[in-house]
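K.L.:
entry-v7.txt is reproduced in full below (compact mmCIF, C-alpha atoms).
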# COMPACT_ATOMS: atom_id res chain seq x y z
CA MET A 1 -30.81 -5.34 -62.93
CA LEU A 2 -29.94 -9.03 -62.56
CA PHE A 3 -27.11 -8.11 -60.20
CA GLN A 4 -29.46 -6.05 -58.00
CA ILE A 5 -32.01 -8.88 -57.81
CA LYS A 6 -29.34 -11.36 -56.79
CA SER A 7 -27.87 -8.88 -54.31
CA TYR A 8 -31.28 -8.20 -52.77
CA LEU A 9 -31.99 -11.91 -52.31
CA GLN A 10 -28.63 -12.26 -50.55
CA PHE A 11 -29.51 -9.26 -48.40
CA LEU A 12 -32.84 -10.80 -47.37
CA TRP A 13 -31.10 -14.04 -46.46
CA HIS A 14 -28.54 -12.37 -44.21
CA SER A 15 -30.54 -9.44 -42.83
CA LYS A 16 -31.85 -9.24 -39.27
CA ASN A 17 -34.11 -7.00 -37.21
CA GLU A 18 -33.64 -5.46 -33.77
CA HIS A 19 -34.12 -8.80 -31.98
CA ALA A 20 -30.79 -10.09 -33.30
CA VAL A 21 -28.83 -6.96 -32.37
CA HIS A 22 -26.82 -6.97 -29.14
CA SER A 23 -25.22 -3.54 -29.48
CA PRO A 24 -27.15 -1.06 -27.28
CA PHE A 25 -26.21 1.79 -29.63
CA VAL A 26 -27.56 0.04 -32.72
CA PHE A 27 -30.56 -1.43 -30.87
CA ASN A 28 -31.65 2.03 -29.73
CA LEU A 29 -31.14 3.43 -33.22
CA LEU A 30 -33.36 0.74 -34.69
CA THR A 31 -36.15 0.84 -32.12
CA LYS A 32 -36.28 4.59 -31.54
CA CYS A 33 -35.55 5.79 -35.07
CA PHE A 34 -35.58 3.25 -37.90
CA TYR A 35 -38.73 1.46 -36.70
CA ASP A 36 -40.59 4.51 -35.39
CA LYS A 37 -44.02 4.20 -37.06
CA LYS A 38 -45.59 7.34 -35.58
CA GLN A 39 -46.84 9.82 -38.15
CA LYS A 40 -45.09 13.20 -38.16
CA PRO A 41 -46.65 16.46 -39.41
CA GLU A 42 -43.59 17.00 -41.61
CA TYR A 43 -44.37 13.86 -43.62
CA SER A 44 -47.29 15.66 -45.25
CA VAL A 45 -44.95 18.49 -46.27
CA LEU A 46 -42.61 15.96 -47.87
CA ARG A 47 -45.55 14.48 -49.80
CA VAL A 48 -46.63 17.89 -51.08
CA TYR A 49 -43.01 18.66 -52.06
CA ARG A 50 -42.83 15.37 -54.01
CA ASN A 51 -46.22 15.80 -55.65
CA SER A 52 -45.34 19.29 -56.85
CA LEU A 53 -42.37 17.82 -58.72
CA LEU A 54 -44.36 14.87 -60.06
CA ALA A 55 -46.84 17.36 -61.52
CA ASN A 56 -44.09 19.36 -63.27
CA THR A 57 -43.96 18.29 -66.93
CA ASN A 58 -41.34 20.88 -67.93
CA THR A 59 -38.06 19.57 -69.32
CA ILE A 60 -34.50 20.56 -68.48
CA GLU A 61 -31.09 19.79 -69.95
CA VAL A 62 -29.23 17.74 -67.36
CA THR A 63 -25.46 17.87 -66.95
CA ASP A 64 -24.46 14.44 -65.59
CA PHE A 65 -21.00 14.12 -64.00
CA GLY A 66 -21.78 10.77 -62.35
CA ALA A 67 -22.07 7.15 -63.41
CA GLY A 68 -24.97 7.87 -65.76
CA SER A 69 -28.60 6.81 -65.75
CA ARG A 70 -30.15 3.39 -66.30
CA VAL A 71 -33.48 5.00 -67.16
CA PHE A 72 -32.80 8.05 -69.33
CA THR A 73 -31.20 7.81 -72.79
CA SER A 74 -31.04 11.58 -73.25
CA ASN A 75 -29.91 14.50 -71.12
CA THR A 76 -33.17 16.30 -71.95
CA ARG A 77 -35.39 15.07 -69.14
CA GLU A 78 -38.85 15.81 -67.77
CA ILE A 79 -38.78 17.04 -64.18
CA ALA A 80 -41.63 14.71 -63.20
CA GLN A 81 -39.71 11.70 -64.54
CA ILE A 82 -36.53 12.70 -62.68
CA ALA A 83 -38.52 12.91 -59.45
CA LYS A 84 -40.17 9.56 -60.15
CA THR A 85 -37.10 7.55 -61.11
CA ALA A 86 -34.06 9.27 -59.63
CA GLY A 87 -35.39 10.85 -56.45
CA ILE A 88 -35.46 9.39 -52.97
CA SER A 89 -38.60 7.35 -52.17
CA SER A 90 -41.24 8.59 -49.73
CA LYS A 91 -40.28 5.86 -47.26
CA ARG A 92 -36.62 6.81 -47.41
CA ALA A 93 -37.37 10.52 -47.10
CA GLU A 94 -39.30 9.83 -43.90
CA LEU A 95 -36.45 7.69 -42.56
CA LEU A 96 -33.96 10.44 -43.35
CA PHE A 97 -36.18 12.92 -41.49
CA ARG A 98 -36.16 10.60 -38.43
CA ILE A 99 -32.39 10.15 -38.59
CA ILE A 100 -31.86 13.91 -38.46
CA HIS A 101 -34.35 14.23 -35.62
CA TYR A 102 -32.61 11.39 -33.74
CA PHE A 103 -28.97 12.50 -34.08
CA GLN A 104 -29.59 16.26 -34.19
CA PRO A 105 -26.53 17.17 -36.29
CA GLU A 106 -25.49 20.81 -36.31
CA SER A 107 -23.87 20.69 -39.73
CA ILE A 108 -24.87 18.52 -42.72
CA LEU A 109 -23.31 18.00 -46.13
CA GLU A 110 -25.25 16.38 -48.97
CA ILE A 111 -23.26 15.31 -52.02
CA GLY A 112 -25.84 15.29 -54.81
CA THR A 113 -28.92 17.52 -54.54
CA SER A 114 -30.87 16.45 -57.64
CA LEU A 115 -34.36 17.95 -57.17
CA GLY A 116 -33.94 18.28 -53.41
CA LEU A 117 -36.23 15.47 -52.21
CA ALA A 118 -33.65 14.22 -49.72
CA THR A 119 -32.52 17.78 -48.95
CA ALA A 120 -36.07 18.68 -47.92
CA ALA A 121 -36.10 15.75 -45.49
CA LEU A 122 -32.78 16.89 -44.03
CA SER A 123 -34.09 20.42 -43.61
CA LEU A 124 -37.44 19.47 -42.11
CA GLY A 125 -35.76 17.02 -39.74
CA SER A 126 -33.50 19.76 -38.39
CA ARG A 127 -36.22 22.42 -38.39
CA SER A 128 -38.47 20.24 -36.24
CA LEU A 129 -35.85 20.47 -33.49
CA GLY A 130 -35.87 24.25 -33.47
CA THR A 131 -32.11 24.24 -34.06
CA LYS A 132 -30.08 26.26 -36.53
CA THR A 133 -28.67 23.33 -38.42
CA LYS A 134 -26.46 24.29 -41.34
CA ILE A 135 -27.06 22.29 -44.55
CA ILE A 136 -24.81 22.50 -47.58
CA THR A 137 -25.92 20.51 -50.62
CA LEU A 138 -23.77 20.08 -53.72
CA GLU A 139 -25.14 19.79 -57.25
CA GLY A 140 -23.13 19.69 -60.45
CA CYS A 141 -26.01 20.42 -62.83
CA PRO A 142 -27.06 24.11 -62.88
CA GLU A 143 -30.54 23.41 -64.28
CA THR A 144 -31.33 20.76 -61.69
CA ALA A 145 -30.01 22.98 -58.91
CA LYS A 146 -32.24 25.81 -60.13
CA ILE A 147 -35.36 23.64 -59.80
CA ALA A 148 -34.27 22.48 -56.33
CA GLN A 149 -33.61 26.04 -55.16
CA ASN A 150 -37.05 27.12 -56.35
CA GLN A 151 -38.54 24.29 -54.34
CA PHE A 152 -36.59 25.26 -51.21
CA THR A 153 -37.84 28.83 -51.51
CA GLN A 154 -41.42 27.76 -52.13
CA PHE A 155 -41.45 25.51 -49.06
CA GLY A 156 -39.59 27.91 -46.77
CA LEU A 157 -36.53 25.69 -46.33
CA THR A 158 -34.20 28.52 -45.41
CA ASN A 159 -31.35 26.61 -43.76
CA ILE A 160 -30.09 25.13 -47.06
CA ASN A 161 -27.15 26.46 -49.05
CA CYS A 162 -27.15 24.89 -52.53
CA ALA A 163 -23.71 25.06 -54.14
CA VAL A 164 -23.47 24.43 -57.88
CA THR A 165 -20.07 22.81 -58.19
CA GLU A 166 -18.21 19.69 -59.18
CA PHE A 167 -18.05 17.58 -56.05
CA GLU A 168 -14.32 16.89 -56.01
CA ARG A 169 -13.51 20.57 -56.43
CA TYR A 170 -15.58 21.43 -53.36
CA LEU A 171 -14.29 18.51 -51.27
CA ASN A 172 -10.68 19.40 -52.03
CA ASN A 173 -11.30 22.62 -50.09
CA ILE A 174 -13.49 21.16 -47.36
CA GLU A 175 -10.98 22.11 -44.67
CA LEU A 176 -12.04 25.71 -45.24
CA GLU A 177 -15.41 24.98 -43.58
CA PRO A 178 -15.48 26.45 -40.05
CA LEU A 179 -17.21 23.37 -38.57
CA PRO A 180 -16.81 19.67 -39.39
CA PHE A 181 -19.92 18.08 -40.85
CA ASN A 182 -21.69 15.90 -38.28
CA LEU A 183 -23.52 14.08 -41.07
CA ILE A 184 -22.65 13.55 -44.72
CA PHE A 185 -25.09 12.03 -47.22
CA PHE A 186 -23.25 10.62 -50.25
CA ASP A 187 -25.64 10.51 -53.22
CA GLY A 188 -23.81 12.00 -56.13
CA ASN A 189 -21.68 9.57 -58.10
CA HIS A 190 -22.20 5.82 -58.01
CA SER A 191 -18.76 4.80 -59.19
CA LYS A 192 -16.07 3.09 -57.13
CA LYS A 193 -13.29 5.58 -57.80
CA ALA A 194 -15.39 8.69 -57.15
CA THR A 195 -16.95 7.31 -53.97
CA LEU A 196 -13.61 6.26 -52.51
CA ASP A 197 -12.04 9.57 -53.54
CA TYR A 198 -14.82 11.44 -51.70
CA PHE A 199 -14.38 9.14 -48.71
CA GLU A 200 -10.68 9.95 -48.44
CA LEU A 201 -11.17 13.69 -49.00
CA VAL A 202 -13.65 14.09 -46.13
CA LEU A 203 -12.03 11.57 -43.78
CA PRO A 204 -9.99 14.29 -41.98
CA THR A 205 -13.27 15.92 -40.86
CA ILE A 206 -14.59 12.99 -38.80
CA THR A 207 -15.28 13.14 -35.09
CA ASN A 208 -16.51 10.47 -32.71
CA GLU A 209 -20.12 11.46 -33.43
CA THR A 210 -19.87 11.60 -37.23
CA LEU A 211 -22.40 9.71 -39.34
CA TRP A 212 -22.00 9.07 -43.05
CA ILE A 213 -24.76 7.64 -45.23
CA PHE A 214 -23.92 6.12 -48.62
CA ASP A 215 -26.73 5.73 -51.13
CA ASP A 216 -27.10 2.77 -53.53
CA ILE A 217 -24.42 0.56 -52.02
CA HIS A 218 -25.83 -2.39 -54.02
CA TRP A 219 -26.35 -0.40 -57.23
CA SER A 220 -23.66 -2.40 -59.05
CA ALA A 221 -20.92 -4.94 -58.39
CA GLU A 222 -18.50 -2.00 -58.31
CA MET A 223 -20.50 -0.19 -55.63
CA LYS A 224 -20.76 -3.37 -53.57
CA GLN A 225 -16.97 -3.68 -53.72
CA THR A 226 -16.72 -0.05 -52.65
CA TRP A 227 -18.93 -0.72 -49.63
CA GLU A 228 -16.73 -3.64 -48.58
CA ILE A 229 -13.61 -1.45 -48.77
CA ILE A 230 -15.29 1.24 -46.66
CA LYS A 231 -16.33 -1.32 -44.04
CA LYS A 232 -12.75 -2.53 -43.66
CA HIS A 233 -11.24 0.93 -43.19
CA PRO A 234 -9.46 1.05 -39.80
CA LYS A 235 -11.23 4.24 -38.70
CA VAL A 236 -14.68 2.78 -39.37
CA THR A 237 -16.16 0.99 -36.37
CA VAL A 238 -19.87 0.33 -36.96
CA THR A 239 -21.66 -0.07 -40.28
CA ILE A 240 -25.29 -0.82 -41.06
CA ASP A 241 -26.35 -2.16 -44.45
CA THR A 242 -30.05 -1.50 -45.17
CA PHE A 243 -29.59 -2.51 -48.84
CA GLN A 244 -30.42 0.94 -50.25
CA TRP A 245 -28.20 2.79 -47.80
CA GLY A 246 -25.00 2.07 -45.93
CA PHE A 247 -24.51 3.79 -42.55
CA VAL A 248 -20.97 4.40 -41.31
CA PHE A 249 -19.98 5.35 -37.75
CA PHE A 250 -16.58 6.20 -36.28
CA ARG A 251 -17.37 5.72 -32.58
CA GLN A 252 -14.10 4.76 -30.91
CA GLU A 253 -15.84 3.19 -27.91
CA GLN A 254 -17.65 0.70 -30.17
CA PRO A 255 -16.16 -2.65 -31.19
CA LYS A 256 -15.92 -3.10 -34.95
CA GLU A 257 -19.22 -4.62 -36.04
CA HIS A 258 -21.16 -4.81 -39.28
CA PHE A 259 -24.94 -5.17 -39.34
CA ILE A 260 -27.32 -6.10 -42.16
CA ILE A 261 -30.71 -4.74 -41.14
CA ARG A 262 -34.18 -4.85 -42.69
CA VAL A 263 -35.84 -1.43 -42.62
Before we go any further, please render this structure as structure tokens.

P.N.:
Amino acid sequence: MLFQIKSYLQFLWHSKNEHAVHSPFVFNLLTKCFYDKKQKPEYSVLRVYRNSLLANTNTIEVTDFGAGSRVFTSNTREIAQIAKTAGISSKRAELLFRIIHYFQPESILEIGTSLGLATAALSLGSRSLGTKTKIITLEGCPETAKIAQNQFTQFGLTNINCAVTEFERYLNNIELEPLPFNLIFFDGNHSKKATLDYFELVLPTITNETLWIFDDIHWSAEMKQTWEIIKKHPKVTVTIDTFQWGFVFFRQEQPKEHFIIRV
């Protein structure tokens, strides 16, 4: 916790808003997407989705393949508490919805479904465009995936394929997918080795329009180191650090630049 506080203070000191950004690509992203304050009808659906989980006091046995939890001391966990402590925030879910609406990806991969709070934002963002976006979300825990799938069915989120699998096993065969993923949301294992392994495994799928989003880049000193390694990769051109998330672009026409942005 002390590391995160120190890291956040450093972030606040270095972060900027759109007025300090001279890249037209990033400026447009900030003004037309990140800072879009207009209410969307889908936001109410996301709130109902969240509230239905927060009202669920049933418990499940969680299989955790990641870096563990700082909140739970047991793998027997109440669904409401998972949604409250481990799920994406309402603000972030709305931002994720806007990102999908802005970039309009045809194919999305989410590494780490949990209860599907972020997945719902991905689905609603694509559905609002009237497109047939393909979403594959990976979850290692069968019980968690079962709850998420029930939620998807209940809310009519039909463009989601939830695969219960260990992440590395799936990513080792990612070349079998007929289309490259336009957007990948990494939210499954907050360890340096796993994150960098995933990065390397999906790197062959990138195109000029690819966007990757890494969750919890300041979760630990190890994850901060991981973010710095990713930023320096020769194929990475533009990155945006919003503290919670790190955005990675591979646009060859862009000069290599790194932004620290308040959202």

K.L.:
Quick one: residues within 12 Å of (-15.5, 3.3, -46.7) (file frame), counting all atoms listed in the file, please, as number ranges by chain.

P.N.:
A: 186, 192-203, 211-214, 217, 223-239, 246-250

K.L.:
Between atom CA of A:Thr31 and atom CA of A:Leu95, what distance in Å does the model show, to one decimal?

P.N.:
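Calculated distance between atom CA of A:Thr31 and atom CA of A:Leu95 is 12.5 Å.
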
K.L.:
One number please: atom CA of A:Ile100 to atom CA of A:Ser126, in Å, one decimal.

P.N.:
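Distance between the two atoms: 6.1 Å.
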
K.L.:
Within 8 Å of stretch 162-165 of chain A, counting only C-alpha atoms, which residues qualify if same-chain residues fewer than 4 places away don't, as a PyMOL selection string?

P.N.:
chain A and resi 113+136-142+145+149+169-170

K.L.:
Take the residues that were just selected and, keeping C-alpha atoms, output them as a PDB file, in the frame of the given file.

P.N.:
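part05.pdb was written with the following content:
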ATOM      1  CA  THR A 113     -28.920  17.520 -54.540  1.00  0.00           C
ATOM      2  CA  ILE A 136     -24.810  22.500 -47.580  1.00  0.00           C
ATOM      3  CA  THR A 137     -25.920  20.510 -50.620  1.00  0.00           C
ATOM      4  CA  LEU A 138     -23.770  20.080 -53.720  1.00  0.00           C
ATOM      5  CA  GLU A 139     -25.140  19.790 -57.250  1.00  0.00           C
ATOM      6  CA  GLY A 140     -23.130  19.690 -60.450  1.00  0.00           C
ATOM      7  CA  CYS A 141     -26.010  20.420 -62.830  1.00  0.00           C
ATOM      8  CA  PRO A 142     -27.060  24.110 -62.880  1.00  0.00           C
ATOM      9  CA  ALA A 145     -30.010  22.980 -58.910  1.00  0.00           C
ATOM     10  CA  GLN A 149     -33.610  26.040 -55.160  1.00  0.00           C
ATOM     11  CA  ARG A 169     -13.510  20.570 -56.430  1.00  0.00           C
ATOM     12  CA  TYR A 170     -15.580  21.430 -53.360  1.00  0.00           C
TER      13      TYR A 170
END

K.L.:
To one decimal in Å, tell me the separation between atom CA of A:Glu110 and atom CA of A:Phe185.

P.N.:
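It comes out at 4.7 Å.
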